[in-house]
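*Asks:* Here you go, final.cif (mmCIF, C-alpha atoms):
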```
data_work
loop_
_atom_site.label_atom_id
_atom_site.label_comp_id
_atom_site.auth_asym_id
_atom_site.auth_seq_id
_atom_site.Cartn_x
_atom_site.Cartn_y
_atom_site.Cartn_z
CA MET A 62 0.00 0.00 0.00
CA MET A 63 2.61 2.51 1.09
CA ALA A 64 5.16 4.46 -0.89
CA SER A 65 8.89 3.93 -0.54
CA PRO A 66 10.34 4.22 3.00
CA LEU A 67 11.91 7.44 4.19
CA PRO A 68 15.02 7.12 6.39
CA ILE A 69 14.62 9.57 9.24
CA SER A 70 16.48 10.27 12.47
CA TYR A 71 14.36 10.80 15.55
CA THR A 72 14.65 10.61 19.32
CA VAL A 73 12.64 8.18 21.40
CA GLY A 74 12.32 8.44 25.17
CA ASP A 75 14.23 11.12 27.04
CA ASP A 76 16.30 13.75 25.29
CA CYS A 77 19.46 11.96 26.36
CA VAL A 78 18.69 8.93 24.20
CA SER A 79 20.76 8.78 21.04
CA PRO A 80 18.88 9.27 17.74
CA THR A 81 18.04 6.10 15.86
CA VAL A 82 17.73 5.79 12.08
CA VAL A 83 14.57 4.00 11.03
CA SER A 84 12.78 3.45 7.72
CA ILE A 85 9.22 4.72 7.74
CA PRO A 86 6.77 4.10 4.86
CA LEU A 87 4.92 7.23 3.83
CA ILE A 88 1.38 7.29 2.48
CA SER A 89 0.72 8.62 -1.01
CA LEU A 90 -2.10 10.33 -2.89
CA ALA A 91 -3.01 6.92 -4.31
CA ASP A 92 -3.50 5.62 -0.76
CA ILE A 93 -5.84 8.51 0.03
CA GLU A 94 -7.81 7.99 -3.16
CA ALA A 95 -8.12 4.28 -2.33
CA ALA A 96 -9.37 5.25 1.11
CA ARG A 97 -12.03 7.49 -0.39
CA GLU A 98 -13.30 4.61 -2.49
CA ARG A 99 -13.21 2.20 0.48
CA ILE A 100 -15.19 4.46 2.82
CA ALA A 101 -17.66 5.74 0.22
CA GLY A 102 -21.18 5.28 1.55
CA HIS A 103 -19.94 5.00 5.13
CA VAL A 104 -18.92 8.64 5.75
CA ARG A 105 -20.40 11.99 4.79
CA ARG A 106 -18.99 14.48 2.34
CA THR A 107 -19.09 17.41 4.73
CA PRO A 108 -19.75 20.97 3.54
CA VAL A 109 -17.22 23.76 3.16
CA LEU A 110 -18.53 27.00 4.66
CA THR A 111 -17.49 30.61 4.14
CA ASN A 112 -18.37 33.68 6.18
CA GLU A 113 -18.10 37.35 5.22
CA ARG A 114 -17.54 38.47 8.80
CA LEU A 115 -14.60 36.10 9.30
CA ASP A 116 -13.14 36.93 5.89
CA GLU A 117 -13.23 40.64 6.67
CA ALA A 118 -11.61 40.17 10.05
CA ALA A 119 -8.80 38.06 8.57
CA GLY A 120 -8.32 40.05 5.38
CA ALA A 121 -8.47 36.73 3.55
CA THR A 122 -10.90 34.26 2.02
CA LEU A 123 -11.45 31.43 4.47
CA PHE A 124 -12.91 28.02 3.65
CA PHE A 125 -13.98 25.92 6.62
CA LYS A 126 -14.15 22.14 6.11
CA CYS A 127 -16.92 21.25 8.57
CA GLU A 128 -16.12 17.85 10.06
CA PRO A 129 -18.35 18.52 13.10
CA LEU A 130 -21.11 17.51 10.66
CA GLN A 131 -19.41 14.16 9.99
CA HIS A 132 -20.75 10.88 11.40
CA ILE A 133 -19.83 10.73 15.14
CA GLY A 134 -19.24 14.49 14.92
CA ALA A 135 -15.58 14.37 13.90
CA PHE A 136 -13.13 13.65 11.08
CA LYS A 137 -12.03 10.52 12.93
CA ALA A 138 -14.85 8.63 11.21
CA ARG A 139 -12.78 8.72 8.02
CA GLY A 140 -9.57 7.11 9.25
CA ALA A 141 -11.19 4.57 11.54
CA THR A 142 -13.61 3.42 8.84
CA ASN A 143 -10.80 3.05 6.33
CA ALA A 144 -8.67 1.05 8.77
CA VAL A 145 -11.50 -1.25 9.89
CA PHE A 146 -12.73 -1.96 6.36
CA ALA A 147 -9.15 -2.53 5.11
CA LEU A 148 -8.89 -5.58 7.41
CA SER A 149 -9.32 -8.98 5.85
CA ASP A 150 -12.20 -11.13 7.10
CA ALA A 151 -9.72 -13.22 9.07
CA GLU A 152 -8.13 -10.15 10.66
CA ALA A 153 -11.51 -8.68 11.57
CA SER A 154 -13.08 -11.89 12.86
CA ARG A 155 -12.12 -11.24 16.51
CA GLY A 156 -13.03 -7.60 16.46
CA VAL A 157 -10.99 -4.44 16.79
CA ALA A 158 -9.48 -2.55 19.73
CA THR A 159 -8.14 0.92 20.33
CA HIS A 160 -7.43 3.55 22.97
CA SER A 161 -8.77 7.09 22.66
CA SER A 162 -10.09 10.02 24.68
CA GLY A 163 -13.22 10.10 22.59
CA ASN A 164 -13.58 10.83 18.88
CA HIS A 165 -11.44 7.97 17.57
CA ALA A 166 -13.10 5.69 20.11
CA ALA A 167 -16.53 6.51 18.73
CA ALA A 168 -15.26 6.23 15.16
CA VAL A 169 -13.86 2.74 15.71
CA ALA A 170 -17.02 1.65 17.52
CA ARG A 171 -19.16 2.87 14.64
CA ALA A 172 -16.97 1.30 11.95
CA ALA A 173 -16.97 -2.00 13.82
CA ALA A 174 -20.75 -1.90 14.11
CA LEU A 175 -21.02 -1.27 10.36
CA ARG A 176 -18.86 -4.32 9.75
CA GLY A 177 -20.65 -6.42 12.38
CA ILE A 178 -17.67 -7.05 14.66
CA PRO A 179 -17.00 -6.15 18.32
CA ALA A 180 -15.05 -3.05 19.32
CA TYR A 181 -12.98 -2.94 22.53
CA ILE A 182 -12.33 0.66 23.53
CA VAL A 183 -9.89 1.87 26.20
CA MET A 184 -10.73 5.39 27.41
CA PRO A 185 -8.98 7.43 30.11
CA GLU A 186 -10.79 8.35 33.27
CA GLY A 187 -12.09 11.88 32.99
CA SER A 188 -13.03 11.59 29.30
CA ALA A 189 -15.83 13.97 28.34
CA ALA A 190 -19.21 12.55 29.31
CA PRO A 191 -20.76 13.02 25.83
CA LYS A 192 -17.88 11.10 24.27
CA LEU A 193 -18.25 8.19 26.70
CA ALA A 194 -21.99 8.12 26.07
CA GLN A 195 -21.52 8.15 22.31
CA VAL A 196 -19.13 5.18 22.39
CA GLU A 197 -21.63 3.24 24.50
CA ARG A 198 -24.49 4.07 22.11
CA LEU A 199 -22.43 2.76 19.22
CA GLY A 200 -21.83 -0.55 20.97
CA GLY A 201 -18.22 -0.04 22.04
CA ARG A 202 -17.09 -2.14 25.00
CA ILE A 203 -15.38 0.46 27.20
CA THR A 204 -12.49 -0.17 29.57
CA LEU A 205 -11.49 2.85 31.68
CA CYS A 206 -7.85 3.45 32.62
CA ALA A 207 -5.66 6.04 34.29
CA PRO A 208 -5.29 9.24 32.22
CA THR A 209 -1.76 8.53 31.00
CA GLN A 210 -0.44 7.33 27.67
CA ALA A 211 1.31 4.39 29.34
CA ALA A 212 -1.92 3.27 31.03
CA ARG A 213 -3.87 3.49 27.78
CA GLU A 214 -1.30 1.47 25.86
CA ALA A 215 -1.01 -1.17 28.59
CA ALA A 216 -4.78 -1.64 28.82
CA ALA A 217 -5.15 -1.90 25.05
CA ALA A 218 -2.28 -4.41 24.81
CA ARG A 219 -3.90 -6.56 27.49
CA ILE A 220 -7.24 -6.56 25.65
CA VAL A 221 -5.59 -7.46 22.35
CA ALA A 222 -3.76 -10.34 24.04
CA GLU A 223 -6.97 -11.61 25.62
CA THR A 224 -9.29 -11.25 22.61
CA GLY A 225 -7.08 -11.40 19.53
CA ALA A 226 -8.68 -8.16 18.32
CA ALA A 227 -6.95 -6.14 15.62
CA PHE A 228 -5.50 -2.96 17.09
CA ILE A 229 -6.46 0.29 15.33
CA HIS A 230 -4.09 2.99 16.57
CA PRO A 231 -5.63 6.48 16.74
CA TYR A 232 -3.02 7.92 14.39
CA ASP A 233 0.08 5.68 14.06
CA ASN A 234 -1.56 3.66 11.29
CA PRO A 235 -1.19 4.30 7.53
CA TYR A 236 -4.84 3.44 6.82
CA VAL A 237 -5.97 5.91 9.47
CA MET A 238 -3.73 8.63 8.01
CA ALA A 239 -4.96 7.95 4.48
CA GLY A 240 -8.57 8.04 5.61
CA GLN A 241 -8.06 11.41 7.29
CA GLY A 242 -6.54 12.72 4.09
CA THR A 243 -9.87 12.30 2.29
CA ALA A 244 -11.09 15.44 4.05
CA ALA A 245 -8.40 17.41 2.24
CA LEU A 246 -9.36 15.91 -1.12
CA GLU A 247 -12.91 17.16 -0.65
CA LEU A 248 -11.76 20.55 0.63
CA MET A 249 -9.58 21.18 -2.41
CA GLU A 250 -12.34 20.09 -4.80
CA ASP A 251 -14.85 22.47 -3.19
CA ALA A 252 -12.35 25.30 -2.66
CA PRO A 253 -9.82 25.17 -5.51
CA ASP A 254 -6.62 27.22 -5.76
CA LEU A 255 -5.91 27.36 -2.04
CA ASP A 256 -2.74 29.16 -0.98
CA LEU A 257 -2.65 27.75 2.54
CA VAL A 258 -4.25 24.88 4.49
CA LEU A 259 -4.40 24.84 8.29
CA ALA A 260 -5.11 21.79 10.44
CA PRO A 261 -4.60 20.98 14.11
CA ILE A 262 -1.88 18.63 15.31
CA GLY A 263 -2.31 16.14 18.13
CA GLY A 264 -0.83 12.75 17.36
CA GLY A 265 -0.36 13.86 13.76
CA GLY A 266 -2.62 11.49 11.83
CA LEU A 267 -4.77 14.25 10.34
CA ILE A 268 -1.90 16.53 9.34
CA SER A 269 -0.15 13.51 7.77
CA GLY A 270 -3.10 12.83 5.49
CA VAL A 271 -3.87 16.48 4.82
CA SER A 272 -0.29 17.43 3.94
CA THR A 273 0.06 14.40 1.66
CA ALA A 274 -3.06 15.33 -0.29
CA VAL A 275 -2.32 19.04 -0.49
CA LYS A 276 1.29 18.69 -1.60
CA ALA A 277 0.36 16.09 -4.22
CA LEU A 278 -2.44 18.15 -5.76
CA ARG A 279 -1.17 21.70 -5.15
CA PRO A 280 2.58 21.58 -4.45
CA HIS A 281 2.98 25.33 -4.02
CA ALA A 282 0.30 25.62 -1.34
CA ARG A 283 1.61 25.86 2.20
CA VAL A 284 0.47 23.54 4.98
CA ILE A 285 0.70 24.77 8.56
CA GLY A 286 -0.10 22.68 11.60
CA VAL A 287 -1.40 24.39 14.72
CA GLU A 288 -1.37 23.12 18.29
CA PRO A 289 -1.93 24.46 21.80
CA ALA A 290 1.05 26.07 23.50
CA GLY A 291 0.37 23.72 26.41
CA ALA A 292 0.85 20.68 24.18
CA ASP A 293 3.55 21.91 21.82
CA ASP A 294 5.54 18.76 21.11
CA ALA A 295 5.04 19.13 17.35
CA ALA A 296 6.43 22.66 17.32
CA ARG A 297 9.42 21.64 19.44
CA SER A 298 9.98 18.50 17.39
CA PHE A 299 9.70 20.41 14.11
CA ALA A 300 12.30 22.92 15.28
CA ALA A 301 14.65 20.25 16.63
CA GLY A 302 14.37 17.88 13.67
CA HIS A 303 13.51 14.88 15.84
CA VAL A 304 10.61 13.70 17.96
CA ILE A 305 10.41 15.25 21.42
CA PRO A 306 7.73 13.37 23.38
CA LEU A 307 4.87 15.24 25.00
CA GLU A 308 5.04 14.61 28.73
CA ARG A 309 2.49 16.74 30.60
CA PRO A 310 -0.01 18.36 28.22
CA ASP A 311 -2.03 21.19 29.70
CA THR A 312 -4.78 22.33 27.35
CA ILE A 313 -8.52 22.53 27.02
CA ALA A 314 -8.14 20.89 23.60
CA ASP A 315 -8.42 17.29 24.81
CA GLY A 316 -8.15 15.86 21.30
CA LEU A 317 -4.65 17.34 20.93
CA ARG A 318 -3.01 15.91 24.04
CA ALA A 319 -1.36 12.99 22.21
CA SER A 320 2.34 12.77 21.45
CA LEU A 321 3.63 12.47 17.88
CA ALA A 322 4.57 9.08 16.51
CA ALA A 323 7.72 8.58 14.45
CA SER A 324 5.51 7.85 11.44
CA THR A 325 3.45 11.03 11.72
CA PHE A 326 6.56 13.11 12.35
CA ALA A 327 8.04 11.73 9.12
CA HIS A 328 4.98 12.98 7.25
CA ILE A 329 5.23 16.36 8.98
CA GLN A 330 8.86 16.66 7.89
CA ARG A 331 7.90 15.81 4.32
CA GLY A 332 4.81 17.97 3.83
CA VAL A 333 4.32 20.56 6.58
CA ASP A 334 5.81 24.01 6.11
CA ALA A 335 5.50 25.30 9.67
CA VAL A 336 3.95 24.57 13.06
CA ALA A 337 2.30 27.36 15.06
CA THR A 338 1.09 27.39 18.64
CA VAL A 339 -1.80 29.23 20.30
CA SER A 340 -2.72 30.12 23.88
CA GLU A 341 -5.64 28.76 25.86
CA PRO A 342 -7.52 32.09 25.85
CA ALA A 343 -7.09 32.25 22.07
CA ILE A 344 -8.56 28.75 21.68
CA VAL A 345 -11.61 29.61 23.77
CA GLN A 346 -12.16 32.89 21.94
CA ALA A 347 -11.83 31.19 18.54
CA MET A 348 -14.27 28.49 19.60
CA ARG A 349 -16.82 31.11 20.57
CA THR A 350 -16.27 33.14 17.40
CA LEU A 351 -16.85 30.08 15.23
CA TRP A 352 -20.02 29.14 17.10
CA GLU A 353 -21.36 32.67 16.63
CA ALA A 354 -20.32 33.16 13.01
CA LEU A 355 -20.71 29.71 11.43
CA LYS A 356 -23.64 28.56 13.59
CA ILE A 357 -22.16 25.11 14.18
CA VAL A 358 -20.83 23.42 17.31
CA VAL A 359 -17.01 23.37 17.32
CA GLU A 360 -14.96 21.68 20.05
CA PRO A 361 -11.75 23.27 21.40
CA SER A 362 -9.41 21.10 19.29
CA ALA A 363 -11.25 22.14 16.13
CA ALA A 364 -10.95 25.83 17.01
CA VAL A 365 -7.16 25.72 17.29
CA PRO A 366 -6.30 26.52 13.62
CA TYR A 367 -8.68 29.47 13.46
CA ALA A 368 -7.26 30.68 16.78
CA ALA A 369 -3.92 31.15 15.03
CA ILE A 370 -5.60 33.47 12.52
CA GLU A 371 -7.77 35.38 14.99
CA SER A 372 -4.89 35.92 17.43
CA GLY A 373 -2.49 37.03 14.70
CA GLU A 374 -0.08 34.10 15.07
CA ILE A 375 -0.39 33.45 11.32
CA ASP A 376 -0.69 36.25 8.75
CA VAL A 377 -3.17 35.17 6.06
CA ARG A 378 -3.95 38.55 4.51
CA GLY A 379 -4.77 38.27 0.82
CA LEU A 380 -4.72 34.47 0.81
CA ARG A 381 -7.24 31.73 0.07
CA VAL A 382 -7.10 29.59 3.21
CA GLY A 383 -8.55 26.15 3.87
CA ILE A 384 -9.20 25.32 7.54
CA VAL A 385 -10.11 21.85 8.76
CA LEU A 386 -12.62 22.08 11.60
CA THR A 387 -12.11 18.67 13.08
CA GLY A 388 -15.02 17.99 15.42
CA GLY A 389 -17.90 19.23 17.52
CA ASN A 390 -18.25 16.90 20.49
CA VAL A 391 -18.51 19.01 23.64
CA ASP A 392 -20.29 18.82 26.96
CA LEU A 393 -22.87 21.59 26.61
CA ASP A 394 -23.10 21.85 30.40
CA ARG A 395 -19.41 22.78 30.64
CA LEU A 396 -18.77 25.41 27.99
CA PRO A 397 -15.49 27.25 28.60
CA TRP A 398 -16.99 30.74 28.43
CA VAL A 399 -19.39 29.90 31.27
CA GLN A 400 -17.92 31.14 34.55
CA GLY A 401 -16.10 28.40 36.44
CA ALA A 402 -16.46 25.83 33.66
CA ARG A 403 -13.67 23.95 31.93
CA LEU A 404 -13.93 21.15 29.38
#
```
In structure tokens, write the structure found in this file.
*Replies:*
Amino acid sequence: MMASPLPISYTVGDDCVSPTVVSIPLISLADIEAARERIAGHVRRTPVLTNERLDEAAGATLFFKCEPLQHIGAFKARGATNAVFALSDAEASRGVATHSSGNHAAAVARAAALRGIPAYIVMPEGSAAPKLAQVERLGGRITLCAPTQAAREAAAARIVAETGAAFIHPYDNPYVMAGQGTAALELMEDAPDLDLVLAPIGGGGLISGVSTAVKALRPHARVIGVEPAGADDAARSFAAGHVIPLERPDTIADGLRASLAASTFAHIQRGVDAVATVSEPAIVQAMRTLWEALKIVVEPSAAVPYAAIESGEIDVRGLRVGIVLTGGNVDLDRLPWVQGARL
């Protein structure tokens, strides 16, 4: 499936560990096009919205790819569906497993239900109540764990060993990356001649697919990833030229608290032009602005790219800009602009 491997040096573990050279296969436009065909009929082609108020404020023409209107309310439906339906019957026969704070969990549960197989979902304690409820509604078999990456991975490994389920990583999976890239294909078809595309970075699966699609179809367009300043491993890794793990993320954007994988960092090195960071107040303000202007529910992680525009971190004046709004799953009883509330 994948294109030729890319040798890349990166650091694993603490900064004192010596870099290791590994070969990482990179996805291609053909992989993304195959994903679109595989998931056709299982995911929505979401709309691209524009808004005169936001264009005027930015001095640019902005095109918002509205994945909050996707099945399960997030772009994750694309990658999870592609990965689950890419499994052979033998591979899928014992079900699938994953770990996720919410959107990928729901996406895997839904894809498994569509295929008629069980889904074993590890979720950290403290996950947003609406996301837990959604996974349960979709038939996912939830196991709660401590809110650390190590605990999530250990619980998922135990379930895979016990059940034989196929593990669908939230982002360190080429089929997941390719599936996420289908959002960029649609964006560029509905908003041609883009100068710049912005997408959030958490674990890096989305930006891997988006950058692959954009650079293949419009090589001169820039791709910028945006992340919270309180979870800035991508920015630090991009500057250093090797992966710097995220240790203690502190951000309202719960979907962006994951650390980069070597595979996603390789895609970032190949196709991302810059990584910007935004503050927590900027994320909350951008979230509110998008709710008011676009009239759709946008979760904090989805607001992060627009926050970079609204706060002036990225100058987009005179440009045609595509922005991937990734999801809209929030607890409406805990909106961040309500006094004393925090998602």
*Asks:* May I have the protein, DNA and RNA residues with an atom at most 10 Å from (-9.5, 3.0, 35.8), counting all atoms listed in the file in the file's coordinates, returned as a list in words?
*Replies:*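 Looking at atoms near the point gives Val183, Met184, Pro185, Glu186, Gly187, Thr204, Leu205, Cys206, Ala207, Pro208, Ala212, Arg213 and Ala216 of chain A.
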*Asks:* Counting only C-alpha atoms, which residue out of A:Leu148, A:Ala226, A:Ile384, A:Val377 sits closest to A:Gly120?
*Replies:*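 Ranked by minimum distance to A:Gly120, first place goes to A:Val377.
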*Asks:* Could you name the residues that touch stretch 282-289 of chain A at 9 Å or less, counting all atoms listed in the file, but leaving out those on the same chain fewer than 3 positions away, as a PyMOL selection string?
*Replies:* chain A and resi 254-263+268+271-272+275-276+279+292-296+311-314+317-318+329+332-341+344+362+365-369
*Asks:* Any idea what's packed within 12 Å of A:Leu175, counting only C-alpha atoms, ignoring anything in its chain fewer than 6 positions away? Could you give it as a ChimeraX atom specification?
*Replies:* /A:100,102-104,138,141-143,145-146,156,168-169,199-200
*Asks:* How would the residues just picked look written out with C-alpha atoms as a PDB file, keeping the file's coordinate frame?
*Replies:*
```
ATOM      1  CA  ILE A 100     -15.190   4.460   2.820  1.00  0.00           C
ATOM      2  CA  GLY A 102     -21.180   5.280   1.550  1.00  0.00           C
ATOM      3  CA  HIS A 103     -19.940   5.000   5.130  1.00  0.00           C
ATOM      4  CA  VAL A 104     -18.920   8.640   5.750  1.00  0.00           C
ATOM      5  CA  ALA A 138     -14.850   8.630  11.210  1.00  0.00           C
ATOM      6  CA  ALA A 141     -11.190   4.570  11.540  1.00  0.00           C
ATOM      7  CA  THR A 142     -13.610   3.420   8.840  1.00  0.00           C
ATOM      8  CA  ASN A 143     -10.800   3.050   6.330  1.00  0.00           C
ATOM      9  CA  VAL A 145     -11.500  -1.250   9.890  1.00  0.00           C
ATOM     10  CA  PHE A 146     -12.730  -1.960   6.360  1.00  0.00           C
ATOM     11  CA  GLY A 156     -13.030  -7.600  16.460  1.00  0.00           C
ATOM     12  CA  ALA A 168     -15.260   6.230  15.160  1.00  0.00           C
ATOM     13  CA  VAL A 169     -13.860   2.740  15.710  1.00  0.00           C
ATOM     14  CA  LEU A 199     -22.430   2.760  19.220  1.00  0.00           C
ATOM     15  CA  GLY A 200     -21.830  -0.550  20.970  1.00  0.00           C
TER      16      GLY A 200
END
```
*Asks:* Determine the nearest neighbour of A:Gly265 from the options A:Ala217, A:Ala174, A:Leu321, A:Ala301, counting only C-alpha atoms.
*Replies:* A:Leu321
*Asks:* Enumerate, as number ranges by chain, the residues matched when the PyMOL selection byres ((chain A and resi 114) around 12) is run on the file above.
*Replies:* A: 111-113, 115-123, 350-351, 353-355, 371
*Asks:* Rounded to one decimal, what separation in Å do you get between atom CA of A:Ile93 and atom CA of A:Gly240?
*Replies:*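 Separation between atom CA of A:Ile93 and atom CA of A:Gly240: 6.2 Å.
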*Asks:* I need the residue set behind the PyMOL selection byres ((chain A and resi 189) around 8) for this file; please write it as a short mmCIF file (atom, residue, chain, number, x, y, z; two decimals) with C-alpha atoms, in the frame of the given file.
*Replies:*
```cif
data_model
loop_
_atom_site.label_atom_id
_atom_site.label_comp_id
_atom_site.auth_asym_id
_atom_site.auth_seq_id
_atom_site.Cartn_x
_atom_site.Cartn_y
_atom_site.Cartn_z
CA SER A 162 -10.09 10.02 24.68
CA GLY A 163 -13.22 10.10 22.59
CA GLY A 187 -12.09 11.88 32.99
CA SER A 188 -13.03 11.59 29.30
CA ALA A 190 -19.21 12.55 29.31
CA PRO A 191 -20.76 13.02 25.83
CA LYS A 192 -17.88 11.10 24.27
CA LEU A 193 -18.25 8.19 26.70
CA VAL A 391 -18.51 19.01 23.64
CA ASP A 392 -20.29 18.82 26.96
CA LEU A 404 -13.93 21.15 29.38
#
```
*Asks:* Please rebuild stretch 254-279 of chain A with N, CA and C atoms and give the result as a short mmCIF file (atom, residue, chain, number, x, y, z; two decimals), keeping the file's coordinate frame.
*Replies:*
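The result, stored in rebuild.cif:
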```cif
data_model
loop_
_atom_site.label_atom_id
_atom_site.label_comp_id
_atom_site.auth_asym_id
_atom_site.auth_seq_id
_atom_site.Cartn_x
_atom_site.Cartn_y
_atom_site.Cartn_z
N ASP A 254 -7.64 26.16 -5.73
CA ASP A 254 -6.62 27.22 -5.76
C ASP A 254 -6.31 27.78 -4.37
N LEU A 255 -6.27 26.91 -3.39
CA LEU A 255 -5.91 27.36 -2.04
C LEU A 255 -4.43 27.73 -1.98
N ASP A 256 -4.13 28.76 -1.21
CA ASP A 256 -2.74 29.16 -0.98
C ASP A 256 -2.19 28.53 0.29
N LEU A 257 -3.07 28.21 1.23
CA LEU A 257 -2.65 27.75 2.54
C LEU A 257 -3.73 26.83 3.11
N VAL A 258 -3.31 25.77 3.77
CA VAL A 258 -4.25 24.88 4.49
C VAL A 258 -3.77 24.76 5.93
N LEU A 259 -4.70 24.94 6.86
CA LEU A 259 -4.40 24.84 8.29
C LEU A 259 -5.15 23.65 8.88
N ALA A 260 -4.48 22.91 9.74
CA ALA A 260 -5.11 21.79 10.44
C ALA A 260 -4.45 21.66 11.81
N PRO A 261 -5.20 21.18 12.79
CA PRO A 261 -4.60 20.98 14.11
C PRO A 261 -3.68 19.77 14.15
N ILE A 262 -2.78 19.77 15.10
CA ILE A 262 -1.88 18.63 15.31
C ILE A 262 -2.05 18.11 16.73
N GLY A 263 -2.36 16.84 16.86
CA GLY A 263 -2.31 16.14 18.13
C GLY A 263 -1.28 15.04 17.98
N GLY A 264 -1.75 13.84 17.67
CA GLY A 264 -0.83 12.75 17.36
C GLY A 264 -0.25 12.84 15.97
N GLY A 265 -0.91 13.61 15.09
CA GLY A 265 -0.36 13.86 13.76
C GLY A 265 -0.99 13.08 12.63
N GLY A 266 -2.01 12.26 12.90
CA GLY A 266 -2.62 11.49 11.83
C GLY A 266 -3.32 12.35 10.80
N LEU A 267 -4.06 13.37 11.26
CA LEU A 267 -4.77 14.25 10.34
C LEU A 267 -3.80 15.04 9.48
N ILE A 268 -2.82 15.70 10.11
CA ILE A 268 -1.90 16.53 9.34
C ILE A 268 -1.08 15.68 8.37
N SER A 269 -0.86 14.41 8.69
CA SER A 269 -0.15 13.51 7.77
C SER A 269 -0.96 13.32 6.49
N GLY A 270 -2.25 13.02 6.65
CA GLY A 270 -3.10 12.83 5.49
C GLY A 270 -3.35 14.11 4.73
N VAL A 271 -3.59 15.20 5.46
CA VAL A 271 -3.87 16.48 4.82
C VAL A 271 -2.66 16.96 4.03
N SER A 272 -1.49 16.93 4.63
CA SER A 272 -0.29 17.43 3.94
C SER A 272 0.03 16.58 2.72
N THR A 273 -0.19 15.27 2.81
CA THR A 273 0.06 14.40 1.66
C THR A 273 -0.84 14.78 0.49
N ALA A 274 -2.12 14.98 0.77
CA ALA A 274 -3.06 15.33 -0.29
C ALA A 274 -2.77 16.71 -0.88
N VAL A 275 -2.54 17.68 -0.02
CA VAL A 275 -2.32 19.04 -0.49
C VAL A 275 -1.06 19.13 -1.34
N LYS A 276 0.03 18.57 -0.87
CA LYS A 276 1.29 18.69 -1.60
C LYS A 276 1.27 17.92 -2.92
N ALA A 277 0.46 16.85 -2.97
CA ALA A 277 0.36 16.09 -4.22
C ALA A 277 -0.46 16.84 -5.27
N LEU A 278 -1.52 17.51 -4.83
CA LEU A 278 -2.44 18.15 -5.76
C LEU A 278 -2.12 19.63 -5.99
N ARG A 279 -1.52 20.27 -5.03
CA ARG A 279 -1.17 21.70 -5.15
C ARG A 279 0.16 21.94 -4.44
#
```
